[in-house]
Every structure is written in C-alpha cells, then in structure tokens.
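Asker: Right, I'll just put the structure down here and ask away after.
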Amino acid sequence: QVQLAESGGGLVQAGGSLRLSCAVSGSTFGVNKMGWYRQAPGKQRELVAAITSGGSTNYADSVKGRFTISRDTVKNTLFLQMNSLKPEDTAVYYCKSTKWGVDYWGQGTQVTVSS
C-alpha cells in the first residue's frame, strides 16, 4: 500500500505561483511512476505532469513552460511548481503513484486562480 497526501493548494490571482507537495508513505518500493492530475468541475480528470523513477518527465501541452514536476527521493515527496497561473488552471489537483501496475491516489487539493 502507498499513501499519498497533497498540500499547498489555495487561492491565487492570475499570474501568481503555487507549489504543491505530495507526501508519500507506506511501502514505496516498486513505485515506478508518479504524477499530478487535475479535475475541474464538469470535466474529466487529466494528466498535468508525470515523472518516472528514472527522472523522465512529461507535461500536458497546456502547462508546458509554466509547471515543473520534481521529487525529493530522500523525503519521499513529489512537488509541482506552478507559475504564471491562469484561471483555467482552477481544479482539484491529485497526486498519483503507480506501483506494480496499481494506481494509488491522494485526496486532492483545491487550486483556485482568480482573474
């Protein structure tokens, strides 16, 4: 089992920045990929950014150049640095880890960007 706990969401004006954190606990051996997803009201959950155990990253086109995913393997924490935020970035942001083909999700953190 892997437990995930997101934090760092909040209300920010357009153009501002937020840094999300995802604390990972439990049996983390075998986790080979982690990512950030988001879900806006009335929309499907979508991938924002992902990082593999080897450090490879990929991003949704809508956030490229503005968001950066990173991790601290010592502290077992995943981060998402979000800059130049736009109102369309408003959503609940979820952390996900994949271990032996099984996905684990956090409870989500709300990000609201005002115009």
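Chain lettering (A, B, ...) mirrors the order of the structure tokens, residue numbering begins at 1 for each chain separately, and ligand numbering begins at 1 in order of display.
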For Thr112 of chain A, please output as JSON, numbers by chain all residues within 7 Å (counting only C-alpha atoms; exclusion window: fewer than 4 positions along the same chain).

Answerer: {"A": [10, 11, 12, 90, 91]}

Asker: Can you tell me which residues surround Thr57 of chain A at a distance of at most 10 Å, considering only C-alpha atoms, apart from same-chain residues fewer than 3 positions away, and format the answer as a list of chain:residue names?

Answerer: A:Lys33, A:Met34, A:Gly35, A:Ala49, A:Ala50, A:Ile51, A:Thr52, A:Ser53, A:Gly54, A:Thr68, A:Ile69, A:Ser70

Asker: Applying 8 Å and only C-alpha atoms, which residues near Gly30 of chain A remain after dropping the ones on its own chain fewer than 2 positions away? List them as a PyMOL selection string.

Answerer: chain A and resi 28+32+99-100

Asker: Filtering to N, CA and C atoms, could you give me those residues as a PDB file, in the first residue's frame?

Answerer:
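As a result, again.pdb now contains:
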```pdb
ATOM      1  N   THR A  28       6.856   2.034  -0.440  1.00  0.00           N
ATOM      2  CA  THR A  28       7.131   2.747  -1.686  1.00  0.00           C
ATOM      3  C   THR A  28       8.052   1.972  -2.629  1.00  0.00           C
ATOM      4  N   ASN A  32       7.154   3.086  -9.701  1.00  0.00           N
ATOM      5  CA  ASN A  32       7.964   3.402 -10.865  1.00  0.00           C
ATOM      6  C   ASN A  32       7.537   4.672 -11.583  1.00  0.00           C
ATOM      7  N   LYS A  99       2.483   1.542  -8.708  1.00  0.00           N
ATOM      8  CA  LYS A  99       3.375   0.526  -8.152  1.00  0.00           C
ATOM      9  C   LYS A  99       2.906  -0.838  -8.622  1.00  0.00           C
ATOM     10  N   TRP A 100       3.781  -1.527  -9.310  1.00  0.00           N
ATOM     11  CA  TRP A 100       3.462  -2.852  -9.846  1.00  0.00           C
ATOM     12  C   TRP A 100       2.132  -2.827 -10.601  1.00  0.00           C
TER      13      TRP A 100
END
```

Asker: Using DSSP on the backbone coordinates, identify all residues within chain A classified as strand (DSSP E); present the result as a ChimeraX atom specification.

Answerer: /A:2-7,10-13,18-26,31-39,46-52,57-59,67-72,77-82,91-99,102-105,109-114

Asker: Write out as a list in words the residues lying within 10 Å of segment 72-75 of chain A, counting only C-alpha atoms and excluding same-chain residues fewer than 2 positions away.

Answerer: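 Surrounding residues, per the criterion: Ala23, Val24, Ser25, Ser53, Ser70, Thr77, Leu78 and Phe79 of chain A.
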
Asker: Write the residues of the preceding selection, restricted to N, CA, C and O atoms, as a PDB file, in the first residue's frame.

Answerer:
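Full text of again31.pdb as output:
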```pdb
ATOM      1  N   ALA A  23       3.173  14.154  -0.075  1.00  0.00           N
ATOM      2  CA  ALA A  23       3.956  13.311   0.813  1.00  0.00           C
ATOM      3  C   ALA A  23       3.590  11.853   0.580  1.00  0.00           C
ATOM      4  O   ALA A  23       2.403  11.491   0.623  1.00  0.00           O
ATOM      5  N   VAL A  24       4.600  11.035   0.336  1.00  0.00           N
ATOM      6  CA  VAL A  24       4.396   9.625   0.030  1.00  0.00           C
ATOM      7  C   VAL A  24       4.823   8.784   1.221  1.00  0.00           C
ATOM      8  O   VAL A  24       5.922   8.959   1.753  1.00  0.00           O
ATOM      9  N   SER A  25       3.979   7.874   1.636  1.00  0.00           N
ATOM     10  CA  SER A  25       4.319   7.000   2.753  1.00  0.00           C
ATOM     11  C   SER A  25       3.835   5.584   2.459  1.00  0.00           C
ATOM     12  O   SER A  25       3.161   5.331   1.469  1.00  0.00           O
ATOM     13  N   SER A  53      10.665   6.790 -12.337  1.00  0.00           N
ATOM     14  CA  SER A  53      11.711   6.518 -11.366  1.00  0.00           C
ATOM     15  C   SER A  53      13.083   6.896 -11.909  1.00  0.00           C
ATOM     16  O   SER A  53      14.005   7.193 -11.146  1.00  0.00           O
ATOM     17  N   SER A  70       8.836  17.748  -9.827  1.00  0.00           N
ATOM     18  CA  SER A  70      10.122  17.318  -9.269  1.00  0.00           C
ATOM     19  C   SER A  70       9.845  16.431  -8.056  1.00  0.00           C
ATOM     20  O   SER A  70       8.703  16.304  -7.610  1.00  0.00           O
ATOM     21  N   THR A  77       8.861  12.897  -1.296  1.00  0.00           N
ATOM     22  CA  THR A  77       7.892  13.952  -1.583  1.00  0.00           C
ATOM     23  C   THR A  77       7.939  14.315  -3.058  1.00  0.00           C
ATOM     24  O   THR A  77       9.016  14.423  -3.642  1.00  0.00           O
ATOM     25  N   LEU A  78       6.765  14.482  -3.624  1.00  0.00           N
ATOM     26  CA  LEU A  78       6.614  14.913  -5.010  1.00  0.00           C
ATOM     27  C   LEU A  78       6.142  16.358  -4.994  1.00  0.00           C
ATOM     28  O   LEU A  78       5.328  16.735  -4.145  1.00  0.00           O
ATOM     29  N   PHE A  79       6.649  17.154  -5.939  1.00  0.00           N
ATOM     30  CA  PHE A  79       6.293  18.566  -5.994  1.00  0.00           C
ATOM     31  C   PHE A  79       5.737  18.932  -7.370  1.00  0.00           C
ATOM     32  O   PHE A  79       6.040  18.284  -8.364  1.00  0.00           O
TER      33      PHE A  79
END
```

Asker: Would you return as a PyMOL selection string the members of segment 12-115 of chain A that DSSP assigns to helix (DSSP H, G or I) on this structure's backbone?

Answerer: chain A and resi 61-63+87-89

Asker: Near Ser62 of chain A, counting only C-alpha atoms, which residues have an atom at most 10 Å away, once you skip same-chain residues fewer than 4 positions from it, shown as a PDB file with all heavy atoms, in the first residue's frame?

Answerer:
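Result file part.pdb:
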```
ATOM      1  N   VAL A  48      -1.499  16.261 -15.686  1.00  0.00           N
ATOM      2  CA  VAL A  48      -0.810  17.546 -15.712  1.00  0.00           C
ATOM      3  C   VAL A  48       0.675  17.329 -15.968  1.00  0.00           C
ATOM      4  O   VAL A  48       1.263  17.924 -16.874  1.00  0.00           O
ATOM      5  CB  VAL A  48      -0.999  18.307 -14.393  1.00  0.00           C
ATOM      6  CG1 VAL A  48      -0.197  19.599 -14.396  1.00  0.00           C
ATOM      7  CG2 VAL A  48      -2.481  18.593 -14.147  1.00  0.00           C
ATOM      8  N   ARG A  66       5.294  26.366 -17.864  1.00  0.00           N
ATOM      9  CA  ARG A  66       4.774  27.063 -16.676  1.00  0.00           C
ATOM     10  C   ARG A  66       4.874  26.210 -15.415  1.00  0.00           C
ATOM     11  O   ARG A  66       5.100  26.736 -14.331  1.00  0.00           O
ATOM     12  CB  ARG A  66       3.302  27.451 -16.892  1.00  0.00           C
ATOM     13  CG  ARG A  66       3.071  28.369 -18.073  1.00  0.00           C
ATOM     14  CD  ARG A  66       1.633  28.884 -18.098  1.00  0.00           C
ATOM     15  NE  ARG A  66       0.665  27.802 -18.256  1.00  0.00           N
ATOM     16  CZ  ARG A  66      -0.334  27.569 -17.408  1.00  0.00           C
ATOM     17  NH1 ARG A  66      -0.482  28.312 -16.327  1.00  0.00           N
ATOM     18  NH2 ARG A  66      -1.191  26.584 -17.640  1.00  0.00           N
ATOM     19  N   PHE A  67       4.695  24.904 -15.560  1.00  0.00           N
ATOM     20  CA  PHE A  67       4.711  23.989 -14.419  1.00  0.00           C
ATOM     21  C   PHE A  67       5.968  23.121 -14.464  1.00  0.00           C
ATOM     22  O   PHE A  67       6.449  22.768 -15.541  1.00  0.00           O
ATOM     23  CB  PHE A  67       3.495  23.064 -14.445  1.00  0.00           C
ATOM     24  CG  PHE A  67       2.176  23.735 -14.182  1.00  0.00           C
ATOM     25  CD1 PHE A  67       2.034  25.118 -14.142  1.00  0.00           C
ATOM     26  CD2 PHE A  67       1.037  22.956 -13.970  1.00  0.00           C
ATOM     27  CE1 PHE A  67       0.811  25.721 -13.901  1.00  0.00           C
ATOM     28  CE2 PHE A  67      -0.189  23.538 -13.730  1.00  0.00           C
ATOM     29  CZ  PHE A  67      -0.295  24.922 -13.696  1.00  0.00           C
ATOM     30  N   GLU A  88      -7.962  29.110 -15.981  1.00  0.00           N
ATOM     31  CA  GLU A  88      -8.280  27.770 -16.465  1.00  0.00           C
ATOM     32  C   GLU A  88      -7.477  26.670 -15.775  1.00  0.00           C
ATOM     33  O   GLU A  88      -7.724  25.489 -16.007  1.00  0.00           O
ATOM     34  CB  GLU A  88      -8.092  27.674 -17.989  1.00  0.00           C
ATOM     35  CG  GLU A  88      -6.765  28.179 -18.495  1.00  0.00           C
ATOM     36  CD  GLU A  88      -6.833  29.614 -18.989  1.00  0.00           C
ATOM     37  OE1 GLU A  88      -7.468  30.454 -18.305  1.00  0.00           O
ATOM     38  OE2 GLU A  88      -6.230  29.895 -20.043  1.00  0.00           O
ATOM     39  N   ASP A  89      -6.532  27.049 -14.929  1.00  0.00           N
ATOM     40  CA  ASP A  89      -5.823  26.060 -14.112  1.00  0.00           C
ATOM     41  C   ASP A  89      -6.609  25.688 -12.853  1.00  0.00           C
ATOM     42  O   ASP A  89      -6.193  24.785 -12.114  1.00  0.00           O
ATOM     43  CB  ASP A  89      -4.444  26.595 -13.700  1.00  0.00           C
ATOM     44  CG  ASP A  89      -3.512  26.796 -14.871  1.00  0.00           C
ATOM     45  OD1 ASP A  89      -3.480  25.929 -15.772  1.00  0.00           O
ATOM     46  OD2 ASP A  89      -2.805  27.825 -14.899  1.00  0.00           O
TER      47      ASP A  89
END
```

Asker: Between A:Asn76, A:Thr98, A:Ser115, A:Ser84, which is the closest to Gly16 of chain A once you count only C-alpha atoms?

Answerer: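 Result for the nearest residue to Gly16 of chain A: A:Ser84.
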
Asker: Find the residue from A:Ser21, A:Asn58, A:Val63, A:Met82 that sits nearest to Gly8 of chain A; use only C-alpha atoms when measuring.

Answerer: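 Looking only at the distances to Gly8 of chain A, the closest residue turns out to be A:Ser21.
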
Asker: Quote the spacing between atom CA of Val2 of chain A and atom CA of Leu20 of chain A in Å to one decimal place.

Answerer: 18.5 Å

Asker: Which value, in Å to one decimal, gives the distance between atom CA of Val113 of chain A and atom CA of Gly55 of chain A?

Answerer: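 Atom CA of Gly55 of chain A lies 29.1 Å from atom CA of Val113 of chain A.
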
Asker: Using only C-alpha atoms, which residue out of A:Ala5, A:Leu85, A:Ser56, A:Leu47 lies closest to Gly26 of chain A?

Answerer: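 That would be A:Ala5, the residue with the smallest distance to Gly26 of chain A.
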
Asker: Could you check the closest approach to Val111 of chain A for each of A:Tyr37, A:Gln44, A:Val31, A:Lys96 and tell me which residue wins, using only C-alpha atoms?

Answerer: A:Tyr37

Asker: Enter the distance from atom CA of Val92 of chain A to atom CA of Arg71 of chain A, in Å, rounded to one decimal.

Answerer: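 Between these atoms lies a distance of 20.1 Å.
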
Asker: Which is closest to Gln3 of chain A among A:Asp103, A:Thr109, A:Gln81, A:Pro41, if we use only C-alpha atoms?

Answerer: A:Asp103

Asker: Using only C-alpha atoms for the distances, tell me which of A:Leu18, A:Lys64, A:Phe29, A:Gly108 is nearest to Arg45 of chain A.

Answerer: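 The shortest atom-to-atom distance to Arg45 of chain A comes from A:Gly108.
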